[in-house]
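*Asks:* Got a structure for you, questions after.
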Amino acid sequence: MDLAFSAEDKAFQREVRDWIAENYDDDLRRMMSQSKNGYLNKTGQVKWQKKLASKGWATVNWPVEYGGPGFTPSQAYIYNMEMSLAGVPTASPMGLKMVAPVIMAFGTDEQKAQHLPPIINSDIWWCQGYSEPGSGSDLASLQMKAERDGDDYILNGSKIWTTHAQWADWMFCLVRTDNSGKPQNGISFLLLRMDTPGILVKALPTLDGPADNEQEINQVFFDNVRVPVANRIGEEGKGWTYAKYLLEFERGNAYAPGLMNQLQKVRKIASAELGDGGEPLIRDRDFQRKLAEMEIRIESLNATEMQIFSAMGSGKPVGPASSMLKCAGSEAQQAITELALEAVGGYAAPFVQDTWAMTNDPRPGPDYAAPVAPSYFNYRKASIYAGSNEIQRNIMAKLVLGL
């Protein structure tokens with residue numbers, strides 16, 4: 001990939017910066033400054049994603065024929081970098097980045113017409129029904145039954161760790177339609193409405209703050225839930241193939257731009273907070289070393305991502321490289337939240353359950369302090385979701401190293 005931007009690329013960079021300055025308003029900035037995970041509540045998220053959709057930038061990674069903007073690899077890099085450095089909300093990936101590519105690749109024309117337009121405009125909110133109690137990284141062992149009854153499947157069982165299920169209109173879900181043969185061969189991929197009778201969503205409070213605005217994960221129970229067979233993606237029993245395809249998109253994200261933004265925040269905190277010697281922490285030799293090591297780590301990841309995504313721009317799938325990006329990116333995310341926790345010091349100790357709701361209440365420390373500990377706890381899960389990093393290393397060993 002040629003890193004010397006052309007005049008057209010530089011003009012596009014100015015366009016992105018100008019658009020951010022005009023559309024990333026003070027209310028969104030205030031909410032994002034207190035977000036523990038880079039997301040907003042549903043109202044704020046939809047507001048932001050509709051702005052992106054009106055510009056044609058909600059579907060950066062989509063093919064042009066389905067509504068993508070047709071960015072060149074350098075434009076995609078510039079777009080992601082500028083958005084991340086500005087600290088804008090991260091688009092909810094469930095619809096735009098995860099189920100949409102599966103519908104494009106394996107869905108019927110009717111399914112594409114029904115689901116893709118409202119995904120672009122965030123008129124429909126999606127959640128992912130993969131993990132189950134006892135079936136996390138060993139996803140092929142899932143047991144939620146889907147028994148055929150005429151033109152419907154009847155679903156019984158539960159899904160767990162279901163992000164934002166309380167907001168979702170639809171779920172894309174893996175179910176067991178056959179118990180004979182290899183476990184992978186009996187899984188099917190369904191799309192289902194979350195207001196279907198028999199579905200119950202229960203919140204799972206977490207250490208980083210079980211507040212309404214930032215409630216993140218849930219368990220979803222299914223009691224004789226009827227789902228039309230017409231809502232199945234592709235063939236019955238082929239869901240494992242479609243799930244692996246989806247996971248490439250879930251794992252193969254660009255981490256480096258967001259990490260650069262987080263590193264900037266850590267530097268600002270370290271410039272304001274005092275170290276043991278009474279001087280700003282940013283002058284502490286040991287902390288400087290940690291910052292330098294993190295910057296090298298991020299720049300190395302950035303160079304790798306640019307190489308991979310440039311190849312994707314030529315039509316190559318991300319493949320097992322998605323596992324490498326997931327491991328390196330998620331572990332860097334965890335490491336940088338540890339640096340932020342160290343930098344903010346004692347201000348991280350008070351427990352702030354809902355950083356948005358308490359913005360008008362007295363609390364210890366500067367505004368940047370409140371989200372630091374919740375972010376640290378929240379990112380403990382980064383090395384587990386989308387397939388644990390141990391599983392990703394097994395995939396790399398098999399598919400990349402041939403072991």
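Going through the structure tokens in order, the chains are called A, B, and so on, while each chain numbers its residues from 1 and the ligands are numbered from 1 in the order shown.
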Got a sec to tell me which of range 60-168 of chain A DSSP assigns to alpha helix (DSSP H), as number ranges by chain?
*Replies:* A: 73-86, 93, 100-106, 109-120
*Asks:* If we count only C-alpha atoms, what is near range 125-131 of chain A at a cut-off of 9 Å, once residues fewer than 3 positions away on the same chain are taken out, given as a VMD selection string?
*Replies:* chain A and resid 42 46 92 to 95 98 to 99 118 to 119 122 134 to 139 142 158 to 175 220 243
*Asks:* Closest to Gln219 in chain A among A:Gly239, A:Gly181, A:Pro117, A:Pro133, using only C-alpha atoms?
*Replies:* A:Pro133
*Asks:* In terms of the shortest atom-to-atom distance over only C-alpha atoms, which of A:Ser375, A:Gln184, A:Ser271, A:Gln392 is closest to Met324 in chain A?
*Replies:*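 Checking each candidate against Met324 in chain A, we get A:Gln392 as the closest.
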*Asks:* Set the distance at 9 Å and use only C-alpha atoms: which residues neighbour Gln111 in chain A once local chain neighbours fewer than 5 positions away are removed? I'd like the list as a list in words.
*Replies:*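 The residues satisfying every condition are Ile103, Met104, Leu116, Ala230, Asn231 and Ile233 of chain A.
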*Asks:* Measuring atom to atom with only C-alpha atoms, identify which of A:Ala254, A:Ile154, A:Ala146, A:Leu28 is nearest to Gly186 in chain A.
*Replies:*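 When distances to Gly186 in chain A are compared using only C-alpha atoms, the smallest one comes from A:Ala146.
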*Asks:* Please compute the CA of Ile308 in chain A-CA of Glu390 in chain A distance, one decimal, in Å.
*Replies:* 21.8 Å
*Asks:* Determine the nearest neighbour of Glu15 in chain A from the options A:Lys47, A:Lys55, A:Arg176, A:Arg30, counting only C-alpha atoms.
*Replies:* A:Lys55
*Asks:* Which one is closest to Ile391 in chain A: A:Ser323, A:Gln75, A:Thr43, A:Gln34? Count only C-alpha atoms.
*Replies:*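 Checking each candidate against Ile391 in chain A, we get A:Ser323 as the closest.
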*Asks:* Residues at most 8 Å from Glu236 in chain A, counting only C-alpha atoms, excluding those fewer than 2 positions away in the same chain, as a VMD selection string?
*Replies:* chain A and resid 177 186 to 189 232 234 238 to 239
